[in-house]
Amino acid sequence: MREDHSVHDIVTKTRLRAELLGKRATMSSDVRSDAARSIRDALLSEPEIEMAGTVAAHVSLDSEPDTRGLLFALWKRGTYVLLPRLLPDGDLDWASYEGPDSLAPGPHGILEPTEPPRGPGAVASADVVLAPAVAVDRAGMRLGRGGGSYDRALARVGPAILTVAVLYDGELLPEVPAEPHDQRVRAVVTPSGGLLRLG
């Protein structure tokens with residue numbers, strides 16, 4: 001019985017992911033840039049992020065909420081920013097962000113830091129972790145792109161660390177289908193709602 005339930009969840013996840021990514025693809029560039037600005041400003045004014053010595057973040061991909069302005073602002077303010085590098089097995093290594101010129105295309109065209117890698121465990125040293133997501137539910141269950149990279153990374157982060165999924169409006173849902181390996185986040189940030197703690 002459990003196996004059937006799991007197959008159902010995977011099908012539901014795939015359908016939901018496709019639907020939400022389809023909506024993102026239709027957003028205008030103005031809507032995207034307004035969203036990026038609102039998210040950046042909300043996060044920069046959040047006390048836990050203002051006080052954070054190290055923030056693990058990500059370079060936005062395709063139609064994801066744009067994080068490049070946020071990364072630059074954190075770096076300029078003196079925050080140590082860690083960014084992921086995708087490993088061949090799908091896990092994430094981490095290296096420091098040293099401004100826009102320190103990024104180069106990696107696997108799948110994703111921009112990655114060119115600084116020396118610090119190992120998959122480096123994410124555990126962050127004071128705040130910002131994670132990409134396609135959707136999150138009210139319990140903090142996160143729907144990613146299906147590769148499992150961030151589930152592995154989030155599993156290394158201690159329970160007291162603020163983990164925040166970066167979303168557009170309308171992507172915080174009542175419920176998201178989950179599998180046993182899926183990791184929760186403790187908060188989301190959206191353009192209209194700012195930072196919202198979950199659970």
# chains A, B, ... in the order shown; residues from 1 in each chain; ligands from 1
>>> residues_around(residues="A:Ala95", least_positions_apart="2", cutoff="7 Å", atoms="only C-alpha atoms", output="ChimeraX atom specification")
/A:82-84,97,113,115-118
>>> write_last_selection(atoms="N, CA and C atoms", output="CSV table (one decimal), in the first residue's frame")
chain,number,residue,atom,x,y,z
A,82,LEU,N,28.1,31.9,0.7
A,82,LEU,CA,28.5,30.7,0.1
A,82,LEU,C,27.5,30.3,-1.0
A,83,LEU,N,28.0,29.8,-2.1
A,83,LEU,CA,27.1,29.4,-3.2
A,83,LEU,C,27.4,28.0,-3.6
A,84,PRO,N,26.4,27.3,-4.1
A,84,PRO,CA,26.6,25.8,-4.5
A,84,PRO,C,27.3,25.6,-5.8
A,97,TYR,N,31.3,33.4,-2.7
A,97,TYR,CA,31.0,34.4,-3.8
A,97,TYR,C,31.9,35.6,-3.5
A,113,PRO,N,30.3,29.5,-8.3
A,113,PRO,CA,31.5,30.3,-7.9
A,113,PRO,C,32.8,29.6,-8.4
A,115,GLU,N,35.7,30.2,-6.9
A,115,GLU,CA,36.6,30.1,-5.8
A,115,GLU,C,36.8,28.6,-5.4
A,116,PRO,N,37.9,28.3,-4.6
A,116,PRO,CA,38.1,26.9,-4.2
A,116,PRO,C,36.9,26.3,-3.5
A,117,PRO,N,36.5,25.1,-3.8
A,117,PRO,CA,35.4,24.5,-3.1
A,117,PRO,C,35.7,24.2,-1.6
A,118,ARG,N,34.7,24.3,-0.8
A,118,ARG,CA,34.9,24.1,0.6
A,118,ARG,C,34.3,22.8,1.1
>>> residues_around(residues="A:Met51", least_positions_apart="6", cutoff="12 Å", atoms="only C-alpha atoms", output="list of chain:residue names")
A:Leu43, A:Leu44, A:Ser45, A:Leu74, A:Arg77, A:Gly78, A:Thr79, A:Tyr80, A:Ala126, A:Asp127, A:Val128
>>> write_last_selection(atoms="all heavy atoms", output="PDB file, in the first residue's frame")
ATOM      1  N   LEU A  43      14.611  40.524   2.541  1.00  0.00           N
ATOM      2  CA  LEU A  43      15.652  39.726   3.193  1.00  0.00           C
ATOM      3  C   LEU A  43      16.740  40.601   3.802  1.00  0.00           C
ATOM      4  O   LEU A  43      17.204  40.337   4.918  1.00  0.00           O
ATOM      5  CB  LEU A  43      16.261  38.737   2.197  1.00  0.00           C
ATOM      6  CG  LEU A  43      15.354  37.570   1.801  1.00  0.00           C
ATOM      7  CD1 LEU A  43      15.973  36.764   0.668  1.00  0.00           C
ATOM      8  CD2 LEU A  43      15.063  36.662   2.995  1.00  0.00           C
ATOM      9  N   LEU A  44      17.138  41.654   3.110  1.00  0.00           N
ATOM     10  CA  LEU A  44      18.203  42.513   3.632  1.00  0.00           C
ATOM     11  C   LEU A  44      17.811  43.226   4.920  1.00  0.00           C
ATOM     12  O   LEU A  44      18.663  43.571   5.735  1.00  0.00           O
ATOM     13  CB  LEU A  44      18.623  43.541   2.574  1.00  0.00           C
ATOM     14  CG  LEU A  44      19.374  42.985   1.362  1.00  0.00           C
ATOM     15  CD1 LEU A  44      19.610  44.084   0.341  1.00  0.00           C
ATOM     16  CD2 LEU A  44      20.700  42.344   1.771  1.00  0.00           C
ATOM     17  N   SER A  45      16.498  43.438   5.117  1.00  0.00           N
ATOM     18  CA  SER A  45      16.050  44.138   6.328  1.00  0.00           C
ATOM     19  C   SER A  45      15.691  43.166   7.460  1.00  0.00           C
ATOM     20  O   SER A  45      15.324  43.598   8.555  1.00  0.00           O
ATOM     21  CB  SER A  45      14.841  45.020   6.008  1.00  0.00           C
ATOM     22  OG  SER A  45      13.752  44.212   5.592  1.00  0.00           O
ATOM     23  N   LEU A  74      24.431  41.510  -0.355  1.00  0.00           N
ATOM     24  CA  LEU A  74      24.981  40.828   0.829  1.00  0.00           C
ATOM     25  C   LEU A  74      26.508  40.908   0.835  1.00  0.00           C
ATOM     26  O   LEU A  74      27.120  41.216   1.860  1.00  0.00           O
ATOM     27  CB  LEU A  74      24.551  39.351   0.837  1.00  0.00           C
ATOM     28  CG  LEU A  74      23.103  39.053   1.206  1.00  0.00           C
ATOM     29  CD1 LEU A  74      22.756  37.600   0.873  1.00  0.00           C
ATOM     30  CD2 LEU A  74      22.823  39.343   2.676  1.00  0.00           C
ATOM     31  N   ARG A  77      27.932  44.321   1.625  1.00  0.00           N
ATOM     32  CA  ARG A  77      27.748  44.696   3.023  1.00  0.00           C
ATOM     33  C   ARG A  77      28.695  43.929   3.946  1.00  0.00           C
ATOM     34  O   ARG A  77      28.729  44.169   5.141  1.00  0.00           O
ATOM     35  CB  ARG A  77      26.269  44.496   3.304  1.00  0.00           C
ATOM     36  CG  ARG A  77      25.773  44.046   4.558  1.00  0.00           C
ATOM     37  CD  ARG A  77      24.285  44.361   4.597  1.00  0.00           C
ATOM     38  NE  ARG A  77      23.527  43.191   4.965  1.00  0.00           N
ATOM     39  CZ  ARG A  77      22.232  43.183   5.128  1.00  0.00           C
ATOM     40  NH1 ARG A  77      21.514  44.253   4.895  1.00  0.00           N
ATOM     41  NH2 ARG A  77      21.611  42.105   5.501  1.00  0.00           N
ATOM     42  N   GLY A  78      29.452  42.991   3.375  1.00  0.00           N
ATOM     43  CA  GLY A  78      30.452  42.283   4.175  1.00  0.00           C
ATOM     44  C   GLY A  78      30.025  40.912   4.661  1.00  0.00           C
ATOM     45  O   GLY A  78      30.757  40.281   5.434  1.00  0.00           O
ATOM     46  N   THR A  79      28.855  40.448   4.244  1.00  0.00           N
ATOM     47  CA  THR A  79      28.423  39.096   4.598  1.00  0.00           C
ATOM     48  C   THR A  79      29.237  38.093   3.777  1.00  0.00           C
ATOM     49  O   THR A  79      29.491  38.315   2.591  1.00  0.00           O
ATOM     50  CB  THR A  79      26.924  38.914   4.284  1.00  0.00           C
ATOM     51  OG1 THR A  79      26.184  39.934   4.943  1.00  0.00           O
ATOM     52  CG2 THR A  79      26.419  37.550   4.727  1.00  0.00           C
ATOM     53  N   TYR A  80      29.645  37.011   4.418  1.00  0.00           N
ATOM     54  CA  TYR A  80      30.322  35.935   3.691  1.00  0.00           C
ATOM     55  C   TYR A  80      29.241  35.096   3.020  1.00  0.00           C
ATOM     56  O   TYR A  80      28.382  34.528   3.702  1.00  0.00           O
ATOM     57  CB  TYR A  80      31.152  35.100   4.660  1.00  0.00           C
ATOM     58  CG  TYR A  80      31.997  34.044   3.995  1.00  0.00           C
ATOM     59  CD1 TYR A  80      33.032  34.391   3.132  1.00  0.00           C
ATOM     60  CD2 TYR A  80      31.759  32.697   4.222  1.00  0.00           C
ATOM     61  CE1 TYR A  80      33.810  33.424   2.511  1.00  0.00           C
ATOM     62  CE2 TYR A  80      32.539  31.721   3.612  1.00  0.00           C
ATOM     63  CZ  TYR A  80      33.553  32.091   2.752  1.00  0.00           C
ATOM     64  OH  TYR A  80      34.312  31.139   2.138  1.00  0.00           O
ATOM     65  N   ALA A 126      26.744  27.888   7.821  1.00  0.00           N
ATOM     66  CA  ALA A 126      25.984  29.109   7.528  1.00  0.00           C
ATOM     67  C   ALA A 126      25.049  29.473   8.666  1.00  0.00           C
ATOM     68  O   ALA A 126      24.528  28.598   9.364  1.00  0.00           O
ATOM     69  CB  ALA A 126      25.191  28.923   6.236  1.00  0.00           C
ATOM     70  N   ASP A 127      24.848  30.766   8.850  1.00  0.00           N
ATOM     71  CA  ASP A 127      23.892  31.254   9.853  1.00  0.00           C
ATOM     72  C   ASP A 127      22.475  31.278   9.293  1.00  0.00           C
ATOM     73  O   ASP A 127      21.500  31.201  10.041  1.00  0.00           O
ATOM     74  CB  ASP A 127      24.291  32.669  10.300  1.00  0.00           C
ATOM     75  CG  ASP A 127      25.691  32.695  10.876  1.00  0.00           C
ATOM     76  OD1 ASP A 127      25.926  31.980  11.869  1.00  0.00           O
ATOM     77  OD2 ASP A 127      26.561  33.390  10.327  1.00  0.00           O
ATOM     78  N   VAL A 128      22.358  31.448   7.978  1.00  0.00           N
ATOM     79  CA  VAL A 128      21.080  31.438   7.270  1.00  0.00           C
ATOM     80  C   VAL A 128      21.300  30.706   5.949  1.00  0.00           C
ATOM     81  O   VAL A 128      22.348  30.865   5.320  1.00  0.00           O
ATOM     82  CB  VAL A 128      20.573  32.878   6.981  1.00  0.00           C
ATOM     83  CG1 VAL A 128      19.282  32.858   6.159  1.00  0.00           C
ATOM     84  CG2 VAL A 128      20.359  33.658   8.275  1.00  0.00           C
TER      85      VAL A 128
END
>>> residues_around(residues="A:Glu171", least_positions_apart="3", cutoff="12 Å", atoms="only C-alpha atoms", output="MDAnalysis selection string")
chainID A and resid 16:17 19:21 23:24 64:65 132:138 140:144 165:168 174:176 188:193
>>> atom_distance(atom1="atom CA of A:Glu46", atom2="atom CA of A:Trp94")
23.6 Å
>>> residues_around(residues="A:Leu61", least_positions_apart="5", cutoff="10 Å", atoms="only C-alpha atoms", output="list in words")
Asp66, Thr67, His108, Gly109, Ile110, Leu111 and Pro132 of chain A
>>> write_last_selection(atoms="all heavy atoms", output="compact mmCIF listing (two decimals), in the first residue's frame")
# COMPACT_ATOMS: atom_id res chain seq x y z
N ASP A 66 14.90 36.09 -9.15
CA ASP A 66 16.29 36.48 -9.40
C ASP A 66 17.00 36.85 -8.10
O ASP A 66 16.56 37.74 -7.37
CB ASP A 66 16.31 37.67 -10.37
CG ASP A 66 17.70 37.94 -10.95
OD1 ASP A 66 18.69 37.50 -10.34
OD2 ASP A 66 17.78 38.58 -12.00
N THR A 67 18.10 36.16 -7.82
CA THR A 67 18.84 36.41 -6.57
C THR A 67 20.11 37.22 -6.79
O THR A 67 20.82 37.51 -5.82
CB THR A 67 19.24 35.07 -5.92
OG1 THR A 67 20.02 34.31 -6.86
CG2 THR A 67 18.02 34.25 -5.49
N HIS A 108 24.81 22.19 -16.66
CA HIS A 108 23.46 22.66 -17.02
C HIS A 108 23.40 24.18 -17.17
O HIS A 108 22.33 24.78 -17.09
CB HIS A 108 22.41 22.21 -15.99
CG HIS A 108 22.53 20.76 -15.62
ND1 HIS A 108 22.32 19.74 -16.52
CD2 HIS A 108 22.86 20.14 -14.45
CE1 HIS A 108 22.51 18.57 -15.92
NE2 HIS A 108 22.84 18.79 -14.66
N GLY A 109 24.56 24.84 -17.34
CA GLY A 109 24.58 26.28 -17.54
C GLY A 109 24.35 27.10 -16.28
O GLY A 109 24.21 28.32 -16.33
N ILE A 110 24.32 26.43 -15.12
CA ILE A 110 24.09 27.14 -13.85
C ILE A 110 25.37 27.90 -13.49
O ILE A 110 26.47 27.33 -13.52
CB ILE A 110 23.75 26.13 -12.73
CG1 ILE A 110 22.50 25.32 -13.10
CG2 ILE A 110 23.56 26.84 -11.39
CD1 ILE A 110 22.28 24.11 -12.21
N LEU A 111 25.23 29.18 -13.13
CA LEU A 111 26.40 29.95 -12.71
C LEU A 111 26.88 29.45 -11.35
O LEU A 111 26.09 29.28 -10.42
CB LEU A 111 26.06 31.44 -12.63
CG LEU A 111 25.89 32.15 -13.97
CD1 LEU A 111 25.46 33.60 -13.75
CD2 LEU A 111 27.17 32.11 -14.79
N PRO A 132 16.36 27.47 -3.26
CA PRO A 132 15.37 27.60 -4.31
C PRO A 132 14.23 26.60 -4.06
O PRO A 132 14.42 25.58 -3.41
CB PRO A 132 16.15 27.23 -5.58
CG PRO A 132 17.23 26.32 -5.10
CD PRO A 132 17.57 26.76 -3.71
>>> select_by_dssp(residues="stretch 17-168 of chain A", states="strand (DSSP E)", output="ChimeraX atom specification")
/A:54-56,80-86,92-96,103-105,111-113,128-132,135-137,142-143,162-166
>>> closest_residue(among="A:Ala153, A:Ala178, A:Leu70, A:Ala187", to="A:Lys13", atoms="only C-alpha atoms")
A:Ala178
>>> closest_residue(among="A:Ala122, A:Ala56, A:Ala131, A:Ala73", to="A:Arg40", atoms="only C-alpha atoms")
A:Ala73
>>> select_by_dssp(residues="stretch 27-147 of chain A", states="helix (DSSP H, G or I)", output="PyMOL selection string")
chain A and resi 29-44+47-51+68-76+100-102+107-109+120-125
>>> closest_residue(among="A:Pro159, A:Gly147, A:Gly99, A:Ala104", to="A:Ala124", atoms="only C-alpha atoms")
A:Pro159
>>> decode(residues="stretch 92-105 of chain A", atoms="all heavy atoms", output="PDB file, in the first residue's frame")
ATOM      1  N   LEU A  92      25.747  18.863  -3.514  1.00  0.00           N
ATOM      2  CA  LEU A  92      26.225  20.237  -3.653  1.00  0.00           C
ATOM      3  C   LEU A  92      27.494  20.457  -2.853  1.00  0.00           C
ATOM      4  O   LEU A  92      27.543  20.165  -1.655  1.00  0.00           O
ATOM      5  CB  LEU A  92      25.150  21.232  -3.182  1.00  0.00           C
ATOM      6  CG  LEU A  92      23.831  21.222  -3.944  1.00  0.00           C
ATOM      7  CD1 LEU A  92      22.854  22.211  -3.305  1.00  0.00           C
ATOM      8  CD2 LEU A  92      24.037  21.551  -5.418  1.00  0.00           C
ATOM      9  N   ASP A  93      28.515  20.971  -3.522  1.00  0.00           N
ATOM     10  CA  ASP A  93      29.702  21.499  -2.862  1.00  0.00           C
ATOM     11  C   ASP A  93      29.442  23.001  -2.689  1.00  0.00           C
ATOM     12  O   ASP A  93      28.476  23.530  -3.246  1.00  0.00           O
ATOM     13  CB  ASP A  93      30.937  21.261  -3.739  1.00  0.00           C
ATOM     14  CG  ASP A  93      32.237  21.302  -2.952  1.00  0.00           C
ATOM     15  OD1 ASP A  93      32.258  21.908  -1.867  1.00  0.00           O
ATOM     16  OD2 ASP A  93      33.226  20.725  -3.438  1.00  0.00           O
ATOM     17  N   TRP A  94      30.273  23.691  -1.939  1.00  0.00           N
ATOM     18  CA  TRP A  94      30.047  25.122  -1.691  1.00  0.00           C
ATOM     19  C   TRP A  94      31.358  25.885  -1.831  1.00  0.00           C
ATOM     20  O   TRP A  94      32.425  25.369  -1.484  1.00  0.00           O
ATOM     21  CB  TRP A  94      29.454  25.327  -0.290  1.00  0.00           C
ATOM     22  CG  TRP A  94      28.132  24.654  -0.149  1.00  0.00           C
ATOM     23  CD1 TRP A  94      27.913  23.337   0.157  1.00  0.00           C
ATOM     24  CD2 TRP A  94      26.846  25.230  -0.372  1.00  0.00           C
ATOM     25  NE1 TRP A  94      26.579  23.068   0.139  1.00  0.00           N
ATOM     26  CE2 TRP A  94      25.888  24.199  -0.176  1.00  0.00           C
ATOM     27  CE3 TRP A  94      26.406  26.514  -0.716  1.00  0.00           C
ATOM     28  CZ2 TRP A  94      24.521  24.421  -0.313  1.00  0.00           C
ATOM     29  CZ3 TRP A  94      25.044  26.741  -0.847  1.00  0.00           C
ATOM     30  CH2 TRP A  94      24.119  25.695  -0.646  1.00  0.00           C
ATOM     31  N   ALA A  95      31.264  27.113  -2.327  1.00  0.00           N
ATOM     32  CA  ALA A  95      32.440  27.982  -2.437  1.00  0.00           C
ATOM     33  C   ALA A  95      31.987  29.423  -2.236  1.00  0.00           C
ATOM     34  O   ALA A  95      30.793  29.740  -2.356  1.00  0.00           O
ATOM     35  CB  ALA A  95      33.100  27.804  -3.805  1.00  0.00           C
ATOM     36  N   SER A  96      32.934  30.299  -1.953  1.00  0.00           N
ATOM     37  CA  SER A  96      32.556  31.670  -1.626  1.00  0.00           C
ATOM     38  C   SER A  96      32.282  32.505  -2.879  1.00  0.00           C
ATOM     39  O   SER A  96      32.879  32.296  -3.935  1.00  0.00           O
ATOM     40  CB  SER A  96      33.622  32.345  -0.764  1.00  0.00           C
ATOM     41  OG  SER A  96      34.812  32.484  -1.494  1.00  0.00           O
ATOM     42  N   TYR A  97      31.346  33.426  -2.722  1.00  0.00           N
ATOM     43  CA  TYR A  97      30.998  34.404  -3.757  1.00  0.00           C
ATOM     44  C   TYR A  97      31.860  35.635  -3.530  1.00  0.00           C
ATOM     45  O   TYR A  97      31.878  36.196  -2.435  1.00  0.00           O
ATOM     46  CB  TYR A  97      29.514  34.749  -3.621  1.00  0.00           C
ATOM     47  CG  TYR A  97      29.027  35.895  -4.475  1.00  0.00           C
ATOM     48  CD1 TYR A  97      28.803  35.735  -5.832  1.00  0.00           C
ATOM     49  CD2 TYR A  97      28.754  37.143  -3.901  1.00  0.00           C
ATOM     50  CE1 TYR A  97      28.324  36.781  -6.614  1.00  0.00           C
ATOM     51  CE2 TYR A  97      28.275  38.190  -4.670  1.00  0.00           C
ATOM     52  CZ  TYR A  97      28.059  38.006  -6.021  1.00  0.00           C
ATOM     53  OH  TYR A  97      27.576  39.038  -6.786  1.00  0.00           O
ATOM     54  N   GLU A  98      32.573  36.050  -4.578  1.00  0.00           N
ATOM     55  CA  GLU A  98      33.442  37.234  -4.469  1.00  0.00           C
ATOM     56  C   GLU A  98      33.040  38.270  -5.524  1.00  0.00           C
ATOM     57  O   GLU A  98      33.892  38.821  -6.206  1.00  0.00           O
ATOM     58  CB  GLU A  98      34.913  36.826  -4.624  1.00  0.00           C
ATOM     59  CG  GLU A  98      35.405  35.815  -3.582  1.00  0.00           C
ATOM     60  CD  GLU A  98      35.371  36.346  -2.159  1.00  0.00           C
ATOM     61  OE1 GLU A  98      35.370  37.587  -1.979  1.00  0.00           O
ATOM     62  OE2 GLU A  98      35.337  35.523  -1.219  1.00  0.00           O
ATOM     63  N   GLY A  99      31.747  38.482  -5.668  1.00  0.00           N
ATOM     64  CA  GLY A  99      31.251  39.439  -6.643  1.00  0.00           C
ATOM     65  C   GLY A  99      30.854  38.761  -7.949  1.00  0.00           C
ATOM     66  O   GLY A  99      31.164  37.582  -8.176  1.00  0.00           O
ATOM     67  N   PRO A 100      30.148  39.499  -8.838  1.00  0.00           N
ATOM     68  CA  PRO A 100      29.632  38.914 -10.078  1.00  0.00           C
ATOM     69  C   PRO A 100      30.707  38.288 -10.957  1.00  0.00           C
ATOM     70  O   PRO A 100      30.442  37.307 -11.667  1.00  0.00           O
ATOM     71  CB  PRO A 100      28.979  40.109 -10.792  1.00  0.00           C
ATOM     72  CG  PRO A 100      28.769  41.136  -9.735  1.00  0.00           C
ATOM     73  CD  PRO A 100      29.799  40.912  -8.681  1.00  0.00           C
ATOM     74  N   ASP A 101      31.943  38.819 -10.908  1.00  0.00           N
ATOM     75  CA  ASP A 101      33.009  38.287 -11.759  1.00  0.00           C
ATOM     76  C   ASP A 101      33.554  36.957 -11.259  1.00  0.00           C
ATOM     77  O   ASP A 101      34.374  36.325 -11.922  1.00  0.00           O
ATOM     78  CB  ASP A 101      34.165  39.295 -11.868  1.00  0.00           C
ATOM     79  CG  ASP A 101      33.729  40.567 -12.585  1.00  0.00           C
ATOM     80  OD1 ASP A 101      32.720  40.507 -13.328  1.00  0.00           O
ATOM     81  OD2 ASP A 101      34.376  41.611 -12.391  1.00  0.00           O
ATOM     82  N   SER A 102      33.106  36.526 -10.060  1.00  0.00           N
ATOM     83  CA  SER A 102      33.611  35.261  -9.511  1.00  0.00           C
ATOM     84  C   SER A 102      32.711  34.091  -9.888  1.00  0.00           C
ATOM     85  O   SER A 102      32.851  32.999  -9.343  1.00  0.00           O
ATOM     86  CB  SER A 102      33.723  35.356  -7.980  1.00  0.00           C
ATOM     87  OG  SER A 102      32.432  35.378  -7.383  1.00  0.00           O
ATOM     88  N   LEU A 103      31.770  34.320 -10.829  1.00  0.00           N
ATOM     89  CA  LEU A 103      30.854  33.260 -11.259  1.00  0.00           C
ATOM     90  C   LEU A 103      31.169  32.832 -12.687  1.00  0.00           C
ATOM     91  O   LEU A 103      31.537  33.662 -13.524  1.00  0.00           O
ATOM     92  CB  LEU A 103      29.400  33.753 -11.200  1.00  0.00           C
ATOM     93  CG  LEU A 103      28.883  34.200  -9.827  1.00  0.00           C
ATOM     94  CD1 LEU A 103      27.482  34.779  -9.960  1.00  0.00           C
ATOM     95  CD2 LEU A 103      28.901  33.035  -8.838  1.00  0.00           C
ATOM     96  N   ALA A 104      31.014  31.534 -12.957  1.00  0.00           N
ATOM     97  CA  ALA A 104      31.210  31.003 -14.311  1.00  0.00           C
ATOM     98  C   ALA A 104      30.207  29.874 -14.524  1.00  0.00           C
ATOM     99  O   ALA A 104      29.795  29.216 -13.557  1.00  0.00           O
ATOM    100  CB  ALA A 104      32.633  30.485 -14.473  1.00  0.00           C
ATOM    101  N   PRO A 105      29.803  29.630 -15.774  1.00  0.00           N
ATOM    102  CA  PRO A 105      28.832  28.553 -16.021  1.00  0.00           C
ATOM    103  C   PRO A 105      29.382  27.184 -15.623  1.00  0.00           C
ATOM    104  O   PRO A 105      30.518  26.841 -15.932  1.00  0.00           O
ATOM    105  CB  PRO A 105      28.604  28.617 -17.545  1.00  0.00           C
ATOM    106  CG  PRO A 105      29.049  29.991 -17.941  1.00  0.00           C
ATOM    107  CD  PRO A 105      30.153  30.351 -17.000  1.00  0.00           C
TER     108      PRO A 105
END
